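Each remark here refers to the structure printed beneath this line.
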Amino acid sequence: MDGQLIAFTGVAAGMVAMPGADFAVVVRNALDSRRAGVATAVGVAGGLLVHTALAVAGLAAVLVAVPTLFGAVQLLGGGYLLYLGVRALATAFRRPAATTDGTDGPADTAPADGPRPAALLGTTQSLRQGFLTNALNPKAPVLFLSLLPQFVPAGQPALPRTLLLATMVVAMALVWFPAVALLVDRLGVWLRRPRVARALEATTGALLTALGGILLVELALA
């Protein structure tokens with residue numbers, strides 16, 4: 001039994017499942033609709049595919065080694081997360097917290113299989129948001145460059161092993177993030193209540209804004 005492969009599975013699973021920008025954008029879009037959430041999840045996995053492919057090809061090392069190029073990616077990534085966060089916060093403030101009688105309104109009594117509000121996000125837009133959120137994460141190349149080589153046994157060809165590890169990461173993302181989207185959708189009757197939806201929108205917006213701000217501050221201080 002390959003002990004290193006088992007260890008990598010645990011590390012990679014924790015890395016994929018760790019709440020962050022990817023998780024926040026999937027949850028936010030899944031509140032819009034199941035299709036938007038799943039499309040966003042697939043987009044996140046697509047972004048991971050880019051990072052793992054770069055790591056396998058050795059291009060991630062170039063990105064990390066060239067400060068100007070790395071800074072450009074950090075600027076784009078931080079700016080995009082900030083954009084998504086501000087949009088989510090604006091939506092949260094526009095969303096009514098309750099009806100005039102102080103209740104959460106019709107969503108409290110809506111049946112689980114009842115009609116939903118029309119989706120605001122299209123599949124292509126959701127897919128793009130998930131992809132860009134992950135692909136523009138400047139810390140991902142550093143993570144993969146530092147992580148993958150540790151699980152290549154001495155004496156084994158690096159390329160086939162790295163390809164296997166990269167495939168495992170993408171496969172985990174294709175399981176985890178759609179599962180998150182489907183769970184949010186499953187809990188949709190409760191999560192889409194005006195007060196709860198507003199709180200979730202504000203929370204995810206604040207998280208995305210904070211993550212984007214951190215990237216930009218790190219760039220400014222570099």
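Residues are named by chain letter and number: chains run A, B, ... in the order of the structure tokens, numbers start at 1 in each chain, and ligands are numbered from 1 in the order shown.
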Check which residues of segment 160-185 of chain A sit at most 10 Å from segment 14-30 of chain A using only C-alpha atoms, and return one row each with the closest pair of atoms and their distance in Å to one decimal, ordered by chain and rising number, as CSV.
residue,atom,partner,partner_atom,distance
A:Val169,CA,A:Val16,CA,7.5
A:Val170,CA,A:Val16,CA,9.0
A:Met172,CA,A:Val16,CA,7.1
A:Ala173,CA,A:Val16,CA,6.2
A:Leu174,CA,A:Val16,CA,9.9
A:Trp176,CA,A:Ala17,CA,6.9
A:Phe177,CA,A:Val26,CA,7.1
A:Pro178,CA,A:Val26,CA,8.4
A:Val180,CA,A:Val27,CA,7.1
A:Ala181,CA,A:Ala30,CA,5.3
A:Leu182,CA,A:Ala30,CA,7.6
A:Leu183,CA,A:Ala30,CA,8.9
A:Val184,CA,A:Ala30,CA,6.2
A:Asp185,CA,A:Ala30,CA,6.1
Excluding Gly43 of chain A and any residue of its chain fewer than 6 positions from it, enumerate the residues within 7 Å of it, using only C-alpha atoms, and give them as JSON, numbers by chain. {"A": [127, 128, 130, 131]}
Near Leu147 of chain A, counting only C-alpha atoms, which residues have an atom at most 10 Å away, once you skip same-chain residues fewer than 6 positions from it, shown as a list in words?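 So, after excluding close chain neighbours, the residues are Phe8, Val11, Ala12, Pro141 and Leu165 of chain A.
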Using only C-alpha atoms, which protein or nucleic acid residues come within 6 Å of segment 84-95 of chain A? Drop anything in the same chain fewer than 4 positions from it, and give the result as an mmCIF file with N, CA, C and O atoms, in the first residue's frame.
data_model
loop_
_atom_site.group_PDB
_atom_site.id
_atom_site.type_symbol
_atom_site.label_atom_id
_atom_site.label_comp_id
_atom_site.auth_asym_id
_atom_site.auth_seq_id
_atom_site.Cartn_x
_atom_site.Cartn_y
_atom_site.Cartn_z
ATOM 1 N N ARG A 198 -30.272 37.132 3.417
ATOM 2 C CA ARG A 198 -29.551 38.407 3.547
ATOM 3 C C ARG A 198 -28.289 38.218 4.381
ATOM 4 O O ARG A 198 -27.228 38.759 4.040
ATOM 5 N N GLU A 201 -25.735 36.246 2.301
ATOM 6 C CA GLU A 201 -25.193 37.103 1.241
ATOM 7 C C GLU A 201 -24.174 38.074 1.828
ATOM 8 O O GLU A 201 -23.090 38.285 1.277
ATOM 9 N N ALA A 202 -24.522 38.669 2.973
ATOM 10 C CA ALA A 202 -23.615 39.618 3.608
ATOM 11 C C ALA A 202 -22.345 38.923 4.094
ATOM 12 O O ALA A 202 -21.238 39.467 3.962
ATOM 13 N N GLY A 205 -20.230 37.950 1.093
ATOM 14 C CA GLY A 205 -19.692 39.186 0.528
ATOM 15 C C GLY A 205 -18.548 39.734 1.362
ATOM 16 O O GLY A 205 -17.518 40.167 0.834
ATOM 17 N N LEU A 208 -15.429 37.443 0.840
ATOM 18 C CA LEU A 208 -14.770 37.673 -0.449
ATOM 19 C C LEU A 208 -14.063 39.027 -0.464
ATOM 20 O O LEU A 208 -12.948 39.152 -0.979
ATOM 21 N N THR A 209 -14.712 40.042 0.108
ATOM 22 C CA THR A 209 -14.100 41.372 0.161
ATOM 23 C C THR A 209 -12.827 41.344 1.003
ATOM 24 O O THR A 209 -11.802 41.930 0.630
#
If you count only C-alpha atoms, which residues fall within 12 Å of Val217 of chain A, apart from same-chain ones fewer than 4 positions away, as JSON, numbers by chain? {"A": [71, 74, 75, 78, 79, 82, 210, 211, 212, 213, 221, 222]}
Please, could you write that set of residues out with N, CA, C and O atoms as a compact mmCIF listing (two decimals), in the first residue's frame?
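Below is the file that was written, part00.txt:
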# COMPACT_ATOMS: atom_id res chain seq x y z
N GLY A 71 2.93 39.36 -9.30
CA GLY A 71 2.21 40.54 -8.81
C GLY A 71 1.00 40.85 -9.66
O GLY A 71 -0.05 41.27 -9.15
N GLN A 74 -1.66 38.47 -8.72
CA GLN A 74 -2.18 38.84 -7.41
C GLN A 74 -3.11 40.05 -7.50
O GLN A 74 -4.15 40.10 -6.83
N LEU A 75 -2.75 41.00 -8.34
CA LEU A 75 -3.59 42.18 -8.53
C LEU A 75 -4.93 41.80 -9.15
O LEU A 75 -6.00 42.24 -8.69
N GLY A 78 -6.94 39.61 -6.48
CA GLY A 78 -7.48 40.41 -5.39
C GLY A 78 -8.58 41.33 -5.87
O GLY A 78 -9.62 41.49 -5.20
N GLY A 79 -8.39 41.94 -7.02
CA GLY A 79 -9.41 42.83 -7.57
C GLY A 79 -10.69 42.10 -7.90
O GLY A 79 -11.79 42.62 -7.66
N LEU A 82 -12.51 41.21 -4.71
CA LEU A 82 -13.08 42.44 -4.16
C LEU A 82 -14.35 42.81 -4.91
O LEU A 82 -15.36 43.20 -4.32
N ALA A 210 -12.89 40.66 2.15
CA ALA A 210 -11.72 40.57 3.02
C ALA A 210 -10.57 39.83 2.33
O ALA A 210 -9.41 40.28 2.39
N LEU A 211 -10.88 38.71 1.67
CA LEU A 211 -9.84 37.95 0.99
C LEU A 211 -9.21 38.76 -0.14
O LEU A 211 -7.99 38.75 -0.32
N GLY A 212 -10.05 39.46 -0.90
CA GLY A 212 -9.53 40.32 -1.96
C GLY A 212 -8.68 41.44 -1.40
O GLY A 212 -7.60 41.75 -1.93
N GLY A 213 -9.13 42.05 -0.32
CA GLY A 213 -8.37 43.12 0.31
C GLY A 213 -7.03 42.65 0.84
O GLY A 213 -6.02 43.35 0.71
N LEU A 221 2.42 45.83 0.09
CA LEU A 221 3.49 45.78 1.08
C LEU A 221 4.70 45.01 0.58
O LEU A 221 5.75 45.02 1.24
N ALA A 222 4.52 44.31 -0.54
CA ALA A 222 5.63 43.47 -1.05
C ALA A 222 6.80 44.34 -1.54
O ALA A 222 6.60 45.43 -2.02
Step one, run DSSP on the backbone; step two, keep only residues of segment 20-198 of chain A assigned to alpha helix (DSSP H); then write them as a PyMOL selection string. chain A and resi 21-32+34-57+59-65+67-94+123-135+139-147+158-186+188-191+194-198
Take atom CA of Thr52 of chain A and atom CA of Val38 of chain A and report the distance between them in Å, one decimal.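 Rounded to one decimal, the two atoms are 21.0 Å apart.
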